[in-house]
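This is query_29.json. It holds JSON, C-alpha atoms and all ligand atoms.
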[["chain", "number", "residue", "atom", "x", "y", "z"],
["W", 1, "MET", "CA", 38.01, -67.41, -129.20],
["W", 2, "THR", "CA", 35.21, -64.89, -128.72],
["W", 3, "LYS", "CA", 32.68, -65.00, -125.91],
["W", 4, "GLY", "CA", 30.00, -65.89, -128.46],
["W", 5, "GLU", "CA", 32.08, -68.83, -129.73],
["W", 6, "THR", "CA", 32.66, -70.23, -126.26],
["W", 7, "LYS", "CA", 28.92, -69.98, -125.53],
["W", 8, "GLN", "CA", 28.20, -71.73, -128.84],
["W", 9, "ILE", "CA", 30.50, -74.65, -127.96],
["W", 10, "GLU", "CA", 29.15, -74.87, -124.41],
["W", 11, "LYS", "CA", 25.62, -75.11, -125.80],
["W", 12, "MET", "CA", 26.68, -77.93, -128.14],
["W", 13, "ALA", "CA", 28.28, -79.80, -125.21],
["W", 14, "ARG", "CA", 25.17, -79.50, -123.05],
["W", 15, "ALA", "CA", 23.03, -80.79, -125.91],
["W", 16, "HIS", "CA", 25.06, -84.01, -125.67],
["W", 17, "GLY", "CA", 24.44, -84.29, -121.95],
["W", 18, "LEU", "CA", 28.01, -83.14, -121.26],
["W", 19, "LYS", "CA", 27.16, -80.59, -118.60],
["W", 20, "ASP", "CA", 30.04, -80.61, -116.15],
["W", 21, "PHE", "CA", 33.02, -78.87, -117.72],
["W", 22, "LYS", "CA", 35.52, -76.05, -117.32],
["W", 23, "TRP", "CA", 37.57, -74.20, -119.88],
["W", 24, "ILE", "CA", 41.24, -74.98, -119.56],
["W", 25, "GLN", "CA", 44.37, -73.52, -121.09],
["W", 26, "PRO", "CA", 46.03, -76.56, -122.71],
["W", 27, "LYS", "CA", 49.50, -75.26, -121.85],
["W", 28, "SER", "CA", 48.53, -75.59, -118.17],
["W", 29, "ILE", "CA", 47.82, -79.32, -118.55],
["W", 30, "ILE", "CA", 50.27, -81.30, -116.46],
["W", 31, "THR", "CA", 52.02, -84.14, -118.25],
["W", 32, "GLY", "CA", 54.75, -86.52, -117.23],
["W", 33, "HIS", "CA", 57.05, -89.27, -118.42],
["W", 34, "TRP", "CA", 55.87, -91.26, -115.41],
["W", 35, "VAL", "CA", 52.39, -91.50, -116.95],
["W", 36, "ARG", "CA", 53.81, -93.32, -119.98],
["W", 37, "ALA", "CA", 55.96, -95.46, -117.68],
["W", 38, "LYS", "CA", 52.77, -96.59, -115.94],
["W", 39, "CYS", "CA", 51.35, -97.60, -119.33],
["W", 40, "ILE", "CA", 54.46, -99.60, -120.18],
["W", 41, "TYR", "CA", 54.96, -101.18, -116.78],
["W", 42, "GLY", "CA", 51.73, -102.20, -115.14],
["W", 43, "CYS", "CA", 48.91, -101.80, -117.65],
["W", 44, "PRO", "CA", 47.66, -105.05, -119.19],
["W", 45, "SER", "CA", 46.54, -103.14, -122.32],
["W", 46, "TYR", "CA", 50.06, -102.08, -123.29],
["W", 47, "GLY", "CA", 50.83, -103.31, -126.79],
["W", 48, "LYS", "CA", 47.36, -104.81, -127.14],
["W", 49, "LYS", "CA", 45.21, -101.88, -128.19],
["W", 50, "ALA", "CA", 45.22, -99.71, -131.27],
["W", 51, "CYS", "CA", 44.71, -96.48, -129.29],
["W", 52, "CYS", "CA", 47.19, -97.18, -126.50],
["W", 53, "PRO", "CA", 50.98, -97.00, -126.28],
["W", 54, "PRO", "CA", 53.18, -97.91, -128.06],
["W", 55, "GLU", "CA", 50.80, -96.93, -130.89],
["W", 56, "LEU", "CA", 50.71, -93.30, -129.67],
["W", 57, "PRO", "CA", 53.10, -90.36, -130.12],
["W", 58, "SER", "CA", 56.16, -90.10, -127.87],
["W", 59, "VAL", "CA", 56.00, -88.29, -124.52],
["W", 60, "GLY", "CA", 57.71, -85.24, -126.04],
["W", 61, "GLU", "CA", 55.32, -85.17, -128.99],
["W", 62, "CYS", "CA", 52.31, -85.37, -126.66],
["W", 63, "GLN", "CA", 53.67, -82.47, -124.62],
["W", 64, "GLN", "CA", 54.28, -80.42, -127.77],
["W", 65, "PHE", "CA", 50.77, -81.21, -128.96],
["W", 66, "PHE", "CA", 49.15, -79.42, -126.02],
["W", 67, "THR", "CA", 51.12, -76.23, -126.70],
["W", 68, "GLU", "CA", 49.51, -75.97, -130.13],
["W", 69, "TYR", "CA", 46.07, -75.15, -128.71],
["W", 70, "ARG", "CA", 44.84, -72.06, -126.93],
["W", 71, "SER", "CA", 41.78, -73.54, -125.29],
["W", 72, "GLY", "CA", 40.01, -76.71, -124.34],
["W", 73, "LEU", "CA", 37.01, -77.97, -122.44],
["W", 74, "LEU", "CA", 37.82, -80.33, -119.61],
["W", 75, "PHE", "CA", 34.84, -82.62, -118.95],
["W", 76, "HIS", "CA", 34.21, -84.20, -115.57],
["W", 77, "PHE", "CA", 32.19, -87.36, -114.99],
["W", 78, "ALA", "CA", 31.45, -88.56, -111.47],
["W", 79, "VAL", "CA", 29.94, -92.01, -111.55],
["W", 80, "LYS", "CA", 29.33, -95.01, -109.33],
["W", 81, "PHE", "CA", 28.17, -98.47, -110.41],
["W", 82, "GLU", "CA", 26.36, -101.17, -108.50],
["W", 83, "ASN", "CA", 27.63, -103.66, -111.04],
["W", 84, "PRO", "CA", 31.23, -102.81, -112.08],
["W", 85, "GLU", "CA", 30.63, -104.42, -115.48],
["W", 86, "MET", "CA", 28.29, -101.54, -116.30],
["W", 87, "ARG", "CA", 31.24, -99.19, -116.55],
["W", 88, "PHE", "CA", 32.11, -100.51, -120.02],
["W", 89, "ALA", "CA", 28.75, -99.60, -121.59],
["W", 90, "TRP", "CA", 28.80, -96.28, -119.79],
["W", 91, "GLY", "CA", 32.31, -95.51, -121.07],
["W", 92, "LYS", "CA", 31.32, -96.35, -124.61],
["W", 93, "LYS", "CA", 28.34, -93.99, -124.46],
["W", 94, "ILE", "CA", 30.34, -91.11, -122.99],
["W", 95, "ASN", "CA", 33.03, -91.52, -125.65],
["W", 96, "LYS", "CA", 30.36, -91.51, -128.35],
["W", 97, "GLU", "CA", 28.81, -88.28, -127.09],
["W", 98, "MET", "CA", 32.22, -86.60, -126.90],
["W", 99, "LEU", "CA", 33.12, -87.79, -130.36],
["W", 100, "GLU", "CA", 29.89, -86.44, -131.81],
["W", 101, "LEU", "CA", 30.59, -83.16, -130.07],
["W", 102, "GLU", "CA", 34.07, -83.05, -131.60],
["W", 103, "ARG", "CA", 32.53, -83.50, -135.04],
["W", 104, "GLU", "CA", 29.90, -80.82, -134.51],
["W", 105, "VAL", "CA", 32.45, -78.35, -133.23],
["W", 106, "PHE", "CA", 34.67, -79.12, -136.23],
["W", 107, "LEU", "CA", 31.77, -78.63, -138.66],
["W", 108, "ALA", "CA", 30.98, -75.32, -136.96],
["W", 109, "GLY", "CA", 34.33, -74.10, -138.26],
["W", 110, "PHE", "CA", 36.68, -74.91, -135.39],
["W", 111, "TYR", "CA", 38.94, -76.97, -137.60],
["W", 112, "LYS", "CA", 41.46, -77.96, -134.91],
["W", 113, "ALA", "CA", 38.83, -79.67, -132.72],
["W", 114, "PHE", "CA", 40.27, -82.85, -131.21],
["W", 115, "MET", "CA", 38.93, -85.02, -128.43],
["W", 116, "LEU", "CA", 40.85, -87.05, -125.90],
["W", 117, "SER", "CA", 38.43, -89.51, -124.39],
["W", 118, "ALA", "CA", 37.49, -90.18, -120.79],
["W", 119, "ASN", "CA", 37.52, -93.93, -121.36],
["W", 120, "PRO", "CA", 39.54, -96.33, -123.53],
["W", 121, "CYS", "CA", 38.10, -96.85, -127.00],
["W", 122, "ARG", "CA", 35.57, -99.68, -126.92],
["W", 123, "ILE", "CA", 33.90, -99.29, -130.29],
["W", 124, "CYS", "CA", 34.78, -102.89, -131.20],
["W", 125, "GLU", "CA", 34.15, -106.00, -129.13],
["W", 126, "LYS", "CA", 37.83, -106.83, -129.31],
["W", 127, "CYS", "CA", 40.40, -104.13, -129.96],
["W", 128, "LYS", "CA", 43.19, -104.67, -132.47],
["W", 129, "ALA", "CA", 46.79, -104.55, -131.34],
["W", 130, "SER", "CA", 48.03, -101.95, -133.80],
["W", 131, "LYS", "CA", 46.97, -98.67, -135.34],
["W", 132, "GLN", "CA", 47.21, -100.17, -138.82],
["W", 133, "GLU", "CA", 44.67, -102.84, -137.92],
["W", 134, "CYS", "CA", 42.20, -100.47, -136.18],
["W", 135, "ARG", "CA", 38.70, -101.09, -137.54],
["W", 136, "ASN", "CA", 37.51, -97.50, -137.08],
["W", 137, "PRO", "CA", 40.56, -95.27, -137.33],
["W", 138, "GLY", "CA", 38.44, -92.20, -138.12],
["W", 139, "VAL", "CA", 36.75, -92.23, -134.75],
["W", 140, "ALA", "CA", 39.15, -94.05, -132.41],
["W", 141, "ARG", "CA", 40.67, -91.60, -129.92],
["W", 142, "PRO", "CA", 43.21, -92.07, -127.14],
["W", 143, "THR", "CA", 42.59, -91.23, -123.50],
["W", 144, "LEU", "CA", 44.17, -88.34, -121.62],
["W", 145, "GLU", "CA", 46.42, -90.83, -119.84],
["W", 146, "GLY", "CA", 47.48, -92.24, -123.20],
["W", 147, "PHE", "CA", 48.64, -88.74, -124.10],
["W", 148, "CYS", "CA", 50.76, -88.59, -120.92],
["W", 149, "VAL", "CA", 48.42, -86.32, -118.95],
["W", 150, "ASP", "CA", 48.76, -86.43, -115.18],
["W", 151, "VAL", "CA", 44.99, -86.51, -114.78],
["W", 152, "TYR", "CA", 45.12, -86.35, -110.97],
["W", 153, "ALA", "CA", 47.24, -83.21, -110.84],
["W", 154, "THR", "CA", 45.46, -81.51, -113.75],
["W", 155, "ALA", "CA", 41.98, -82.20, -112.35],
["W", 156, "ARG", "CA", 42.91, -81.00, -108.87],
["W", 157, "LYS", "CA", 44.49, -77.87, -110.30],
["W", 158, "MET", "CA", 41.15, -77.19, -112.00],
["W", 159, "GLY", "CA", 39.26, -77.65, -108.72],
["W", 160, "TYR", "CA", 37.81, -81.07, -109.50],
["W", 161, "PRO", "CA", 37.83, -84.01, -107.07],
["W", 162, "ILE", "CA", 39.79, -87.15, -107.85],
["W", 163, "GLN", "CA", 41.32, -89.78, -105.64],
["W", 164, "VAL", "CA", 42.89, -93.19, -105.87],
["W", 165, "LEU", "CA", 40.14, -95.81, -105.65],
["W", 166, "LYS", "CA", 40.41, -99.02, -103.72],
["W", 167, "GLY", "CA", 37.54, -100.76, -105.46],
["W", 168, "PHE", "CA", 34.97, -100.46, -108.23],
["W", 169, "GLU", "CA", 32.22, -99.81, -105.67],
["W", 170, "GLU", "CA", 33.66, -96.35, -104.98],
["W", 171, "GLU", "CA", 32.67, -93.27, -106.96],
["W", 172, "MET", "CA", 34.89, -92.68, -109.97],
["W", 173, "ASN", "CA", 35.89, -89.27, -111.29],
["W", 174, "ARG", "CA", 36.70, -89.48, -114.98],
["W", 175, "PHE", "CA", 37.88, -86.73, -117.32],
["W", 176, "GLY", "CA", 37.85, -86.08, -121.04],
["W", 177, "LEU", "CA", 39.07, -83.15, -123.07],
["W", 178, "LEU", "CA", 37.99, -81.34, -126.19],
["W", 179, "LEU", "CA", 40.77, -79.20, -127.59],
["W", 180, "VAL", "CA", 39.53, -76.34, -129.70],
["W", 181, "GLU", "CA", 40.33, -72.83, -130.86],
["Q", 1, "LIG", "S1", 38.01, -98.67, -133.14],
["Q", 1, "LIG", "FE1", 38.15, -100.81, -132.46],
["Q", 1, "LIG", "S2", 40.22, -101.48, -133.09],
["Q", 1, "LIG", "FE2", 40.20, -99.21, -133.17],
["Q", 1, "LIG", "S3", 40.94, -98.57, -131.14],
["Q", 1, "LIG", "FE3", 38.69, -98.63, -131.01],
["Q", 1, "LIG", "S4", 38.21, -100.68, -130.22],
["Q", 1, "LIG", "FE4", 40.34, -100.72, -130.96]]
As a first step, turn the structure in this file into C-alpha cells.
Amino acid sequence: MTKGETKQIEKMARAHGLKDFKWIQPKSIITGHWVRAKCIYGCPSYGKKACCPPELPSVGECQQFFTEYRSGLLFHFAVKFENPEMRFAWGKKINKEMLELEREVFLAGFYKAFMLSANPCRICEKCKASKQECRNPGVARPTLEGFCVDVYATARKMGYPIQVLKGFEEEMNRFGLLLVE
C-alpha cells in the first residue's frame, strides 16, 4: 500500500471518530488454540450466537486467514462506564462505525477490506444461534477473539495497555481490526 493510500484510509477512520489506531502486519497477530478453548469452555455465548463459535472457521483457518493480508489497522478503545449496562449501546455504536468504515474502504477500491469487531454483534435484540438464521448476514462480523486472536498479547506487542479486569467499574481496553491491502 502506498503512503497516500494509508493516509486516505486513516482519514476515513478519523471521520468515523476512530482516532486511536496503529498499522499492524497481520502476520504478526498472535493467535492460539487456547482462545477457542476459552470460547468452548467458559463462555455462555458458545453455540448461541450466529457470529460466535462453533459458527466460525476452525482455528487453523483463522490463522491462515491472517496470512492473506499485508496490512491492517488495529483500533484501540479505552472506556469506562458508570452504569455497566451502557457498554452494550456503546459496543453497538463502535461496531457500526467500524462496519461503515469497512464499506467505505472497500468502495474506495480496497476490495479485501474486512473488519473484525471490538464487540460482539448486537444488531438484533436477540441473536440467532446459527449462521443460517442470522438476520443480517451481510453486516454481522465476528470479534477478534472469535477469530482466535490472543488480544492481550497482540495489543501489548503493539504498545497498547490491556489488563484482566476484576469488575465492570474498571476501565476497559477494547480492540477491533480492519484488514486491508
Ligand atoms: S445480525 Fe443479529 S442474528 Fe446476526 S449475528 Fe448479529 S445479532 Fe446475531
Contacts of chain W with ligand LIG 1 (chain Q) up to 8 Å, shortest pair per row, only C-alpha atoms and all ligand atoms, as a tab-separated table:
residue	atom	partner	partner_atom	distance
W:Lys49	CA	Q:LIG1	FE4	5.7
W:Ala50	CA	Q:LIG1	S3	4.4
W:Cys51	CA	Q:LIG1	S3	4.7
W:Cys52	CA	Q:LIG1	S3	7.9
W:Pro120	CA	Q:LIG1	FE3	7.9
W:Cys121	CA	Q:LIG1	FE3	4.4
W:Arg122	CA	Q:LIG1	S4	4.3
W:Ile123	CA	Q:LIG1	S4	4.5
W:Cys124	CA	Q:LIG1	FE1	4.2
W:Glu125	CA	Q:LIG1	S4	6.8
W:Lys126	CA	Q:LIG1	S4	6.2
W:Cys127	CA	Q:LIG1	FE4	3.6
W:Lys128	CA	Q:LIG1	S2	4.4
W:Ala129	CA	Q:LIG1	S2	7.5
W:Ser130	CA	Q:LIG1	S2	7.9
W:Lys131	CA	Q:LIG1	FE2	7.1
W:Glu133	CA	Q:LIG1	S2	6.7
W:Cys134	CA	Q:LIG1	S2	3.8
W:Arg135	CA	Q:LIG1	S2	4.7
W:Asn136	CA	Q:LIG1	S1	4.1
W:Pro137	CA	Q:LIG1	FE2	5.7
W:Val139	CA	Q:LIG1	S1	6.8
W:Ala140	CA	Q:LIG1	FE3	4.8
W:Arg141	CA	Q:LIG1	S3	7.1
W:Pro142	CA	Q:LIG1	S3	8.0
Which residues are near segment 146-154 of chain W? Cut-off 7 Å, all atoms listed in the file, ignore same chain within fewer than 6 positions. Put them as a PyMOL selection string. chain W and resi 29-33+35-36+52-53+59+62+162
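Coordinates place atom CA of Phe77 of chain W at a distance of 7.8 Å from atom CA of Met172 of chain W.
Among the candidates W:Ala13, W:Val164, W:Ala89, W:Val180, the residue lying nearest to Phe106 of chain W is W:Val180 (atoms considered: all atoms listed in the file).
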Trp23 of chain W environment, 7 Å, only C-alpha atoms, sequence neighbours closer than 6 positions dropped, as a list in words: Ser71, Gly72, Leu73 and Leu74 of chain W
Those same residues, written as a short mmCIF file (atom, residue, chain, number, x, y, z; two decimals), keeping the file's coordinate frame with C-alpha atoms?
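File part.cif, as written:
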data_model
loop_
_atom_site.label_atom_id
_atom_site.label_comp_id
_atom_site.auth_asym_id
_atom_site.auth_seq_id
_atom_site.Cartn_x
_atom_site.Cartn_y
_atom_site.Cartn_z
CA SER W 71 41.78 -73.54 -125.29
CA GLY W 72 40.01 -76.71 -124.34
CA LEU W 73 37.01 -77.97 -122.44
CA LEU W 74 37.82 -80.33 -119.61
#
Straight-line distance linking atom CA of Gln63 of chain W with atom CA of Ile9 of chain W, stated in Å to one decimal: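 If I compute the distance from atom CA of Gln63 of chain W to atom CA of Ile9 of chain W, I get 24.7 Å.
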Taking all atoms of segment 8-25 of chain W that the file lists and extending 5 Å past them on each side, where is the centre of the axis-aligned box and how long are its edges? Answer in Å to one decimal, as AutoDock Vina command-line options.
--center_x 33.7 --center_y -78.0 --center_z -122.5 --size_x 31.3 --size_y 22.6 --size_z 22.7
May I ask for the distance between atom CA of Ala78 of chain W and atom CA of Ala155 of chain W, given in Å to one decimal place?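 One can read the atom CA of Ala78 of chain W to atom CA of Ala155 of chain W distance as 12.3 Å.
The shell of residues at most 7 Å from segment 92-98 of chain W, with all atoms listed in the file counted and near chain neighbours (fewer than 2 positions) removed, consists of His16, Phe88, Ala89, Trp90, Glu100, Leu101, Glu102, Ser117, Ala118, Asn119, Arg122 and Ile123 of chain W.
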Those same residues, written as an mmCIF file, keeping the file's coordinate frame with C-alpha atoms?
data_model
loop_
_atom_site.group_PDB
_atom_site.id
_atom_site.type_symbol
_atom_site.label_atom_id
_atom_site.label_comp_id
_atom_site.auth_asym_id
_atom_site.auth_seq_id
_atom_site.Cartn_x
_atom_site.Cartn_y
_atom_site.Cartn_z
ATOM 1 C CA HIS W 16 25.060 -84.010 -125.670
ATOM 2 C CA PHE W 88 32.110 -100.510 -120.020
ATOM 3 C CA ALA W 89 28.750 -99.600 -121.590
ATOM 4 C CA TRP W 90 28.800 -96.280 -119.790
ATOM 5 C CA GLU W 100 29.890 -86.440 -131.810
ATOM 6 C CA LEU W 101 30.590 -83.160 -130.070
ATOM 7 C CA GLU W 102 34.070 -83.050 -131.600
ATOM 8 C CA SER W 117 38.430 -89.510 -124.390
ATOM 9 C CA ALA W 118 37.490 -90.180 -120.790
ATOM 10 C CA ASN W 119 37.520 -93.930 -121.360
ATOM 11 C CA ARG W 122 35.570 -99.680 -126.920
ATOM 12 C CA ILE W 123 33.900 -99.290 -130.290
#
Neighbourhood query: residues within 8 Å of (27.9, -76.3, -131.0), file coordinates, counting only C-alpha atoms; return as a ChimeraX atom specification. /W:8-13,101,104-105,108
Spatial neighbours of Ser28 of chain W, max dist 10 Å, all atoms listed in the file, sep filter under 3 positions, as a short mmCIF file (atom, residue, chain, number, x, y, z; two decimals) with C-alpha atoms, in the coordinates of the input:
data_model
loop_
_atom_site.label_atom_id
_atom_site.label_comp_id
_atom_site.auth_asym_id
_atom_site.auth_seq_id
_atom_site.Cartn_x
_atom_site.Cartn_y
_atom_site.Cartn_z
CA ILE W 24 41.24 -74.98 -119.56
CA GLN W 25 44.37 -73.52 -121.09
CA THR W 31 52.02 -84.14 -118.25
CA PHE W 66 49.15 -79.42 -126.02
CA THR W 67 51.12 -76.23 -126.70
CA THR W 154 45.46 -81.51 -113.75
CA LYS W 157 44.49 -77.87 -110.30
CA MET W 158 41.15 -77.19 -112.00
#
Check the smallest atom-to-atom distance from each of W:Cys43, W:Ala113, W:Leu144, W:Leu99 to Leu56 of chain W using all atoms listed in the file, then report the winner.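 Of all the options, W:Leu144 lies closest to Leu56 of chain W.
With all atoms listed in the file as the atoms that count, the minimum distance from Lys38 of chain W to the choices W:Gln132, W:Glu145, W:Glu85, W:Glu55 is reached by W:Glu145.
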